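Q: As input, take upload00.csv (CSV, C-alpha atoms):
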```
chain,number,residue,atom,x,y,z
A,1,MET,CA,13.5,12.4,-10.6
A,2,VAL,CA,16.9,13.6,-9.2
A,3,ASP,CA,19.9,11.3,-8.9
A,4,GLY,CA,17.6,8.3,-9.4
A,5,LYS,CA,15.3,9.3,-6.6
A,6,THR,CA,11.7,10.1,-6.8
A,7,LEU,CA,9.8,12.7,-4.8
A,8,ILE,CA,8.5,9.9,-2.6
A,9,ASP,CA,12.2,8.9,-1.9
A,10,PHE,CA,12.9,12.4,-0.7
A,11,ILE,CA,9.7,12.7,1.4
A,12,PHE,CA,9.9,9.3,3.0
A,13,HIS,CA,13.3,8.0,4.0
A,14,LYS,CA,13.0,4.2,3.4
A,15,ALA,CA,14.7,1.8,5.7
A,16,GLU,CA,16.4,-0.9,3.7
A,17,MET,CA,14.2,-3.8,2.8
A,18,GLU,CA,15.8,-7.2,2.7
A,19,LYS,CA,15.8,-8.6,-0.8
A,20,ILE,CA,15.1,-12.4,-0.5
A,21,ALA,CA,14.8,-13.4,-4.1
A,22,SER,CA,15.3,-11.7,-7.5
A,23,ALA,CA,15.3,-12.7,-11.1
A,24,GLU,CA,14.4,-11.0,-14.4
A,25,LYS,CA,10.6,-11.6,-13.9
A,26,TYR,CA,10.2,-11.5,-10.1
A,27,THR,CA,11.5,-9.8,-7.0
A,28,ALA,CA,10.7,-10.7,-3.3
A,29,VAL,CA,11.5,-8.4,-0.4
A,30,GLU,CA,11.0,-8.6,3.4
A,31,ILE,CA,9.5,-5.5,4.9
A,32,GLY,CA,9.5,-7.0,8.4
A,33,SER,CA,6.6,-7.5,10.7
A,34,PHE,CA,3.8,-5.1,10.6
A,35,SER,CA,4.4,-4.2,14.3
A,36,GLY,CA,7.9,-3.0,13.2
A,37,LEU,CA,6.7,-0.6,10.5
A,38,GLU,CA,7.9,2.4,12.5
A,39,LYS,CA,11.4,1.8,11.2
A,40,TYR,CA,10.1,3.4,8.0
A,41,GLU,CA,9.6,7.2,7.9
A,42,HIS,CA,6.0,7.9,9.1
A,43,SER,CA,5.6,4.2,9.7
A,44,LYS,CA,4.9,3.7,6.0
A,45,ALA,CA,6.7,1.1,3.8
A,46,PHE,CA,6.5,1.7,0.0
A,47,LEU,CA,7.0,-1.3,-2.2
A,48,GLN,CA,7.2,0.3,-5.7
A,49,ASN,CA,11.0,0.8,-5.9
A,50,ALA,CA,11.9,-2.2,-3.7
A,51,LEU,CA,10.0,-4.6,-6.0
A,52,GLY,CA,10.5,-2.7,-9.2
A,53,LEU,CA,6.7,-2.3,-9.8
A,54,THR,CA,5.8,-0.7,-13.1
A,55,SER,CA,2.0,-0.3,-12.9
A,56,MET,CA,1.2,0.4,-9.3
A,57,GLU,CA,2.4,1.5,-5.9
A,58,ILE,CA,1.6,-0.5,-2.8
A,59,SER,CA,2.3,0.6,0.8
A,60,PHE,CA,1.7,-0.6,4.3
A,61,THR,CA,1.2,2.0,7.1
A,62,LYS,CA,0.9,1.7,10.8
A,63,TYR,CA,-1.2,4.2,12.6
A,64,LYS,CA,-1.0,4.4,16.4
A,65,PRO,CA,-4.2,5.0,18.4
A,66,GLY,CA,-5.5,8.5,17.7
A,67,GLU,CA,-3.1,9.0,14.8
A,68,ALA,CA,-4.3,10.5,11.5
A,69,ILE,CA,-2.5,11.4,8.2
A,70,PRO,CA,-1.2,14.9,8.9
A,71,PHE,CA,-2.9,16.3,5.7
A,72,PHE,CA,-5.7,15.6,3.2
A,73,HIS,CA,-4.7,14.6,-0.3
A,74,ASP,CA,-6.1,13.8,-3.7
A,75,HIS,CA,-4.7,12.2,-6.9
A,76,LYS,CA,-5.0,13.5,-10.5
A,77,LYS,CA,-4.8,10.2,-12.3
A,78,HIS,CA,-4.6,7.4,-9.7
A,79,GLU,CA,-7.3,5.5,-7.8
A,80,GLU,CA,-6.4,3.9,-4.5
A,81,VAL,CA,-7.7,1.0,-2.6
A,82,TYR,CA,-7.3,1.0,1.2
A,83,ILE,CA,-7.5,-2.3,3.0
A,84,VAL,CA,-7.5,-2.5,6.8
A,85,ILE,CA,-5.3,-5.4,7.9
A,86,THR,CA,-5.8,-4.9,11.6
A,87,GLY,CA,-7.4,-2.3,13.9
A,88,THR,CA,-10.2,0.2,13.6
A,89,GLY,CA,-10.6,3.7,12.3
A,90,GLU,CA,-12.4,6.1,10.1
A,91,MET,CA,-11.8,7.4,6.6
A,92,GLN,CA,-13.0,10.9,5.6
A,93,LEU,CA,-13.8,11.2,1.9
A,94,ASP,CA,-14.6,14.9,1.2
A,95,ASP,CA,-17.3,15.3,3.9
A,96,LYS,CA,-18.3,11.6,4.3
A,97,ILE,CA,-17.0,9.6,7.2
A,98,ILE,CA,-16.7,5.8,6.6
A,99,PRO,CA,-16.0,3.5,9.6
A,100,MET,CA,-13.1,1.0,9.0
A,101,LYS,CA,-12.2,-2.3,10.7
A,102,GLU,CA,-10.2,-5.4,9.9
A,103,GLY,CA,-11.2,-6.4,6.3
A,104,THR,CA,-12.7,-3.1,5.3
A,105,SER,CA,-11.7,-2.2,1.7
A,106,ILE,CA,-12.4,1.3,0.3
A,107,ARG,CA,-11.7,2.4,-3.3
A,108,VAL,CA,-11.1,6.1,-3.8
A,109,ALA,CA,-11.1,7.7,-7.4
A,110,PRO,CA,-9.4,10.9,-8.4
A,111,GLY,CA,-11.2,14.0,-7.4
A,112,VAL,CA,-11.9,13.0,-3.8
A,113,SER,CA,-10.1,14.6,-0.9
A,114,ARG,CA,-9.1,11.8,1.6
A,115,ASN,CA,-7.7,11.2,5.1
A,116,LEU,CA,-7.9,8.4,7.6
A,117,LYS,CA,-7.6,8.1,11.4
A,118,ASN,CA,-7.1,5.3,13.9
A,119,THR,CA,-10.0,5.6,16.3
A,120,GLY,CA,-9.2,2.4,18.2
A,121,ASN,CA,-7.1,1.5,21.2
A,122,THR,CA,-4.6,-0.6,19.2
A,123,ASP,CA,-2.4,0.0,16.2
A,124,MET,CA,-4.2,0.0,12.8
A,125,ILE,CA,-2.3,-1.4,9.8
A,126,VAL,CA,-3.6,-0.3,6.4
A,127,MET,CA,-2.5,-1.5,3.0
A,128,CYS,CA,-2.9,0.9,0.1
A,129,ALA,CA,-2.7,-0.1,-3.6
A,130,GLN,CA,-2.5,2.7,-6.1
A,131,ALA,CA,-2.8,2.5,-9.9
A,132,GLU,CA,-3.7,4.7,-12.8
A,133,VAL,CA,-7.5,4.9,-13.4
A,134,ASP,CA,-8.7,2.7,-16.3
A,135,SER,CA,-5.3,1.0,-16.7
A,136,LEU,CA,-6.8,-2.5,-16.2
A,137,LYS,CA,-7.8,-3.3,-19.8
A,138,SER,CA,-9.4,-6.7,-19.2
A,139,PRO,CA,-10.7,-8.8,-16.3
A,140,THR,CA,-7.9,-10.7,-14.5
A,141,SER,CA,-10.0,-13.9,-14.6
A,142,GLY,CA,-9.0,-14.4,-18.3
A,143,ASP,CA,-5.4,-13.5,-17.8
A,144,TYR,CA,-3.9,-16.7,-16.5
A,145,LEU,CA,-2.6,-20.0,-17.8
A,146,ILE,CA,-2.5,-23.3,-15.9
A,147,THR,CA,1.1,-24.5,-16.2
A,148,LYS,CA,2.7,-27.9,-15.7
A,149,THR,CA,5.2,-26.7,-13.1
A,150,GLU,CA,6.1,-29.4,-10.6
A,151,LEU,CA,5.3,-28.6,-6.9
A,152,LYS,CA,8.5,-28.3,-4.9
A,153,PHE,CA,7.3,-26.7,-1.6
A,154,THR,CA,9.4,-27.8,1.4
A,155,LYS,CA,6.6,-28.4,3.8
```
Represent the supplied structure as structure tokens.

A:
Amino acid sequence: MVDGKTLIDFIFHKAEMEKIASAEKYTAVEIGSFSGLEKYEHSKAFLQNALGLTSMEISFTKYKPGEAIPFFHDHKKHEEVYIVITGTGEMQLDDKIIPMKEGTSIRVAPGVSRNLKNTGNTDMIVMCAQAEVDSLKSPTSGDYLITKTELKFTK
């Protein structure tokens, strides 16, 4: 970290995300519409710094038809989950090709070289969540409490 900036900050210039709510235990930002992701470097919006995440990174990336990540990569300690929001493509995991379409979810553990490509005729939007392997210590189904908070939705 240099001057409060991480390597990701230096590689990917981030357009300012609009902070719409913030308190000690929550933060909400507006990244904009998925069709407008090109305002971020490489059409990729990272949420870790904007939201103050402490246990994961989440990003949204827009791939134009025929576009691929310009390099293969792997992680030493983090697993990733890629979820296709819209569009079609392929993911290459080492030598294996997996077709992707809206709703496809793919987990990739450390030790696997990965890349993906938009093989369709429209933009492909992909969400990627990244967290340290084995950091989830218990199922989330037992990690909630029903509260007596009053509903105050406006519509």

Q: Residues near Lys25 in chain A, anyone? I mean within 12 Å using only C-alpha atoms, not counting same-chain ones fewer than 4 positions away, as a PyMOL selection string.

A: chain A and resi 21+51-54

Q: Residues of range 123-152 of chain A within 10 Å of range 90-112 of chain A: nearest atom pair and distance (Å, one decimal) for each, counting all atoms listed in the file, sorted by chain and number, as a tab-separated table?

A:
```
residue	atom	partner	partner_atom	distance
A:Met124	CA	A:Glu102	CA	8.6
A:Ile125	CA	A:Glu102	CA	8.9
A:Val126	CA	A:Glu102	CA	9.0
A:Met127	CA	A:Ser105	CA	9.3
A:Cys128	CA	A:Ser105	CA	9.5
A:Ala129	CA	A:Arg107	CA	9.3
A:Gln130	CA	A:Val108	CA	9.5
A:Glu132	CA	A:Pro110	CA	9.5
A:Val133	CA	A:Ala109	CA	7.5
```

Q: At a cut-off of 10 Å, using only C-alpha atoms, what residues contact Asp134 in chain A? Leave out same-chain residues fewer than 2 positions from it and give the result as number ranges by chain.

A: A: 77-79, 131-132, 136-138

Q: Report as a list in words all protein, DNA and RNA residues lying within 7 Å of range 66-76 of chain A, evaluated on all atoms listed in the file, omitting residues in the same chain fewer than 6 positions from it.

A: Pro110, Gly111, Val112, Ser113, Arg114, Asn115, Leu116, Lys117, Asn118 and Thr119 of chain A

Q: Please determine, counting all atoms listed in the file, which residue among A:Ser43, A:Thr61, A:Thr27, A:Asn121 has the shortest atom-to-atom distance to Ile85 in chain A.

A: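 So, comparing all the options, the nearest one is A:Thr61.
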
Q: So the first atom is CA of Lys62 in chain A and the second is CA of Ala50 in chain A; what is the distance between them in Å, to one decimal place?

A: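 Distance between the two atoms: 18.6 Å.
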
Q: Quick one: pull the distance between CA of Phe153 in chain A and CA of Met17 in chain A, Å, one decimal.

A: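 Computing it gives 24.3 Å between the two atoms.
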
Q: Could you check which of A:Glu18, A:Leu37, A:Ile58, A:Thr140 is closest to Ile83 in chain A, using only C-alpha atoms?

A: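 For Ile83 in chain A, the nearest of the given residues is A:Ile58.
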
Q: Please report the interatomic distance between CA of Leu151 in chain A and CA of Ala23 in chain A in Å with one decimal.

A: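 We find that CA of Leu151 in chain A and CA of Ala23 in chain A lie 19.2 Å from each other.
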
Q: Pick from A:Met56, A:Pro65, A:Glu16, A:Tyr26: nearest to Tyr40 in chain A, with only C-alpha atoms counted?

A: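 Smallest separation from Tyr40 in chain A among the options: A:Glu16.
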